[in-house]
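Chemist: Structure in structure tokens, see below.
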Amino acid sequence: MNHTNIITINIKSEAEFHLVDQMINLETKRRVLLVPEAQSFDILTACYIDGEFTVVSHYDLEQELIDKLASV
């Protein structure tokens with residue numbers, strides 16, 4: 001499976017941090033747009049970060065939805 005993996009362990013400056021933060025936000029928006037049923041769950045993060053799929057939401061998400069977000 002090909003996916004964007006955002007590496008955060010090498011951040012050395014605040015400018016790099018802001019760039020990585022923007023990348024995480026863009027990747028999250030992309031995944032939420034591709035999984036329409038996710039748009040109602042206030043998902044703040046949904047992307048691979050340092051090799052692990054990470055989802056942050058104000059709601060408890062079902063595993064099926066997390067799996068869909070991870071696969072797009």
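Letters A, B, ... mark the chains of the structure tokens in the order given; residue numbers begin at 1 per chain; ligand numbers begin at 1, in order shown.
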Determine, counting only C-alpha atoms, which protein, DNA and RNA residues have an atom within 9 Å of an atom of A:Ile11; residues of the same chain fewer than 5 positions away are not included. Present the result as a PyMOL selection string.

Modeler: chain A and resi 16-17+20

Chemist: Please save N, CA, C and O atoms of the selected residues as a compact mmCIF listing (two decimals), in the first residue's frame.

Modeler:
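That gives us result08.txt:
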# COMPACT_ATOMS: atom_id res chain seq x y z
N GLU A 16 9.98 24.30 10.49
CA GLU A 16 9.75 22.92 10.07
C GLU A 16 8.50 22.35 10.75
O GLU A 16 7.73 21.64 10.12
N PHE A 17 8.33 22.67 12.01
CA PHE A 17 7.15 22.21 12.74
C PHE A 17 5.88 22.71 12.06
O PHE A 17 4.93 21.95 11.86
N VAL A 20 5.29 20.78 8.80
CA VAL A 20 4.80 19.43 9.08
C VAL A 20 3.34 19.49 9.53
O VAL A 20 2.51 18.67 9.13

Chemist: Show me, as a list in words, the residues that have an atom within 9 Å of stretch 56-64 of chain A when counting only C-alpha atoms, minus same-chain residues fewer than 3 positions from it.

Modeler: Phe41, Asp42, Ile43, Leu44, Thr45, Ala46, Asp67, Lys68 and Leu69 of chain A

Chemist: Keeping all heavy atoms for every residue in the selection just given, could you write it to a file as a PDB file, in the first residue's frame?

Modeler:
ATOM      1  N   PHE A  41     -17.628  13.675  11.872  1.00  0.00           N
ATOM      2  CA  PHE A  41     -17.012  13.273  13.132  1.00  0.00           C
ATOM      3  C   PHE A  41     -15.905  14.190  13.626  1.00  0.00           C
ATOM      4  O   PHE A  41     -15.115  13.796  14.477  1.00  0.00           O
ATOM      5  CB  PHE A  41     -16.489  11.834  13.016  1.00  0.00           C
ATOM      6  CG  PHE A  41     -17.596  10.825  12.946  1.00  0.00           C
ATOM      7  CD1 PHE A  41     -18.014  10.323  11.729  1.00  0.00           C
ATOM      8  CD2 PHE A  41     -18.245  10.411  14.095  1.00  0.00           C
ATOM      9  CE1 PHE A  41     -19.039   9.404  11.652  1.00  0.00           C
ATOM     10  CE2 PHE A  41     -19.270   9.491  14.038  1.00  0.00           C
ATOM     11  CZ  PHE A  41     -19.677   8.994  12.813  1.00  0.00           C
ATOM     12  N   ASP A  42     -15.817  15.392  13.110  1.00  0.00           N
ATOM     13  CA  ASP A  42     -14.850  16.375  13.594  1.00  0.00           C
ATOM     14  C   ASP A  42     -13.452  15.759  13.755  1.00  0.00           C
ATOM     15  O   ASP A  42     -12.845  15.803  14.819  1.00  0.00           O
ATOM     16  CB  ASP A  42     -15.330  16.972  14.911  1.00  0.00           C
ATOM     17  CG  ASP A  42     -14.582  18.253  15.276  1.00  0.00           C
ATOM     18  OD1 ASP A  42     -13.992  18.890  14.377  1.00  0.00           O
ATOM     19  OD2 ASP A  42     -14.569  18.606  16.472  1.00  0.00           O
ATOM     20  N   ILE A  43     -12.955  15.182  12.669  1.00  0.00           N
ATOM     21  CA  ILE A  43     -11.654  14.515  12.691  1.00  0.00           C
ATOM     22  C   ILE A  43     -10.559  15.560  12.557  1.00  0.00           C
ATOM     23  O   ILE A  43     -10.519  16.328  11.602  1.00  0.00           O
ATOM     24  CB  ILE A  43     -11.569  13.453  11.584  1.00  0.00           C
ATOM     25  CG1 ILE A  43     -12.606  12.360  11.891  1.00  0.00           C
ATOM     26  CG2 ILE A  43     -10.158  12.896  11.475  1.00  0.00           C
ATOM     27  CD1 ILE A  43     -12.776  11.337  10.812  1.00  0.00           C
ATOM     28  N   LEU A  44      -9.679  15.608  13.545  1.00  0.00           N
ATOM     29  CA  LEU A  44      -8.596  16.589  13.592  1.00  0.00           C
ATOM     30  C   LEU A  44      -7.328  16.073  12.926  1.00  0.00           C
ATOM     31  O   LEU A  44      -6.570  16.842  12.347  1.00  0.00           O
ATOM     32  CB  LEU A  44      -8.301  16.961  15.049  1.00  0.00           C
ATOM     33  CG  LEU A  44      -9.503  17.448  15.861  1.00  0.00           C
ATOM     34  CD1 LEU A  44      -9.137  17.560  17.322  1.00  0.00           C
ATOM     35  CD2 LEU A  44     -10.010  18.761  15.309  1.00  0.00           C
ATOM     36  N   THR A  45      -7.092  14.780  13.031  1.00  0.00           N
ATOM     37  CA  THR A  45      -5.913  14.148  12.425  1.00  0.00           C
ATOM     38  C   THR A  45      -6.314  12.771  11.924  1.00  0.00           C
ATOM     39  O   THR A  45      -6.971  12.022  12.641  1.00  0.00           O
ATOM     40  CB  THR A  45      -4.769  13.993  13.456  1.00  0.00           C
ATOM     41  OG1 THR A  45      -4.427  15.270  13.965  1.00  0.00           O
ATOM     42  CG2 THR A  45      -3.547  13.345  12.837  1.00  0.00           C
ATOM     43  N   ALA A  46      -5.903  12.480  10.688  1.00  0.00           N
ATOM     44  CA  ALA A  46      -6.107  11.148  10.112  1.00  0.00           C
ATOM     45  C   ALA A  46      -5.029  10.952   9.066  1.00  0.00           C
ATOM     46  O   ALA A  46      -5.213  11.284   7.901  1.00  0.00           O
ATOM     47  CB  ALA A  46      -7.492  11.014   9.501  1.00  0.00           C
ATOM     48  N   ASP A  67     -10.424   2.178   9.611  1.00  0.00           N
ATOM     49  CA  ASP A  67      -9.812   1.363   8.559  1.00  0.00           C
ATOM     50  C   ASP A  67     -10.019   1.996   7.185  1.00  0.00           C
ATOM     51  O   ASP A  67      -9.122   1.987   6.345  1.00  0.00           O
ATOM     52  CB  ASP A  67     -10.380  -0.055   8.575  1.00  0.00           C
ATOM     53  CG  ASP A  67      -9.974  -0.829   9.817  1.00  0.00           C
ATOM     54  OD1 ASP A  67      -9.017  -0.402  10.513  1.00  0.00           O
ATOM     55  OD2 ASP A  67     -10.636  -1.850  10.101  1.00  0.00           O
ATOM     56  N   LYS A  68     -11.209   2.550   6.946  1.00  0.00           N
ATOM     57  CA  LYS A  68     -11.468   3.219   5.664  1.00  0.00           C
ATOM     58  C   LYS A  68     -10.560   4.433   5.504  1.00  0.00           C
ATOM     59  O   LYS A  68     -10.005   4.657   4.429  1.00  0.00           O
ATOM     60  CB  LYS A  68     -12.933   3.654   5.571  1.00  0.00           C
ATOM     61  CG  LYS A  68     -13.888   2.537   5.283  1.00  0.00           C
ATOM     62  CD  LYS A  68     -15.300   3.077   5.145  1.00  0.00           C
ATOM     63  CE  LYS A  68     -16.290   1.977   4.908  1.00  0.00           C
ATOM     64  NZ  LYS A  68     -17.667   2.509   4.766  1.00  0.00           N
ATOM     65  N   LEU A  69     -10.415   5.223   6.547  1.00  0.00           N
ATOM     66  CA  LEU A  69      -9.547   6.395   6.497  1.00  0.00           C
ATOM     67  C   LEU A  69      -8.090   5.982   6.244  1.00  0.00           C
ATOM     68  O   LEU A  69      -7.382   6.643   5.493  1.00  0.00           O
ATOM     69  CB  LEU A  69      -9.643   7.201   7.788  1.00  0.00           C
ATOM     70  CG  LEU A  69     -10.938   7.976   7.986  1.00  0.00           C
ATOM     71  CD1 LEU A  69     -11.075   8.426   9.426  1.00  0.00           C
ATOM     72  CD2 LEU A  69     -10.999   9.173   7.035  1.00  0.00           C
TER      73      LEU A  69
END

Chemist: Residues near A:Glu52, anyone? I mean within 9 Å using only C-alpha atoms, not counting same-chain ones fewer than 4 positions away, as a ChimeraX atom specification.

Modeler: /A:5,47-48

Chemist: Taking the backbone alone, and naming residues the way the document does, which bits of chain A are helix (DSSP H, G or I) by DSSP, as an NGL selection string?

Modeler: :A and (14-34 or 36-40 or 63-71)

Chemist: Which is closest to A:Thr4 among A:Leu19, A:Val72, A:Leu65, A:Ala38, if we use only C-alpha atoms?

Modeler: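 Of all the options, A:Val72 lies closest to A:Thr4.
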
Chemist: Neighbouring residues of A:Ile7 were defined as those with any atom within 8 Å, considering only C-alpha atoms; residues of the same chain fewer than 4 positions away were excluded. Please report them as JSON, numbers by chain.

Modeler: {"A": [49, 50, 51]}

Chemist: What is the atom CA of A:Glu37-atom CA of A:Thr8 distance in Å, reported with one decimal?

Modeler: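 Atom CA of A:Thr8 lies at a distance of 28.5 Å from atom CA of A:Glu37.
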
Chemist: What separation in Å, quoted to one decimal, exists between atom CA of A:Arg30 and atom CA of A:His18?

Modeler: 18.4 Å

Chemist: Please return, as a list of chain:residue names, all residues of chain A that DSSP assigns to strand (DSSP E) on the basis of the backbone.

Modeler: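 Answer for chain A restricted to strand (DSSP E) is A:Asn5, A:Ile6, A:Ile43, A:Leu44, A:Thr45, A:Ala46, A:Cys47, A:Tyr48, A:Ile49, A:Glu52, A:Phe53, A:Thr54, A:Val55, A:Val56, A:Ser57.
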
Chemist: Restricting the output to C-alpha atoms, write the selected residues as a PDB file, in the first residue's frame.

Modeler:
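Here's the written file result_22.pdb:
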ATOM      1  CA  ASN A   5       4.019   9.012   5.850  1.00  0.00           C
ATOM      2  CA  ILE A   6       4.841  12.245   7.631  1.00  0.00           C
ATOM      3  CA  ILE A  43     -11.654  14.515  12.691  1.00  0.00           C
ATOM      4  CA  LEU A  44      -8.596  16.589  13.592  1.00  0.00           C
ATOM      5  CA  THR A  45      -5.913  14.148  12.425  1.00  0.00           C
ATOM      6  CA  ALA A  46      -6.107  11.148  10.112  1.00  0.00           C
ATOM      7  CA  CYS A  47      -2.766  10.269   8.563  1.00  0.00           C
ATOM      8  CA  TYR A  48       0.358   8.186   8.886  1.00  0.00           C
ATOM      9  CA  ILE A  49       2.805   9.861  11.258  1.00  0.00           C
ATOM     10  CA  GLU A  52       1.736   4.631  12.337  1.00  0.00           C
ATOM     11  CA  PHE A  53      -1.796   5.578  11.306  1.00  0.00           C
ATOM     12  CA  THR A  54      -3.033   8.208  13.739  1.00  0.00           C
ATOM     13  CA  VAL A  55      -6.627   9.380  14.145  1.00  0.00           C
ATOM     14  CA  VAL A  56      -7.692  12.155  16.486  1.00  0.00           C
ATOM     15  CA  SER A  57     -11.350  13.075  16.827  1.00  0.00           C
TER      16      SER A  57
END
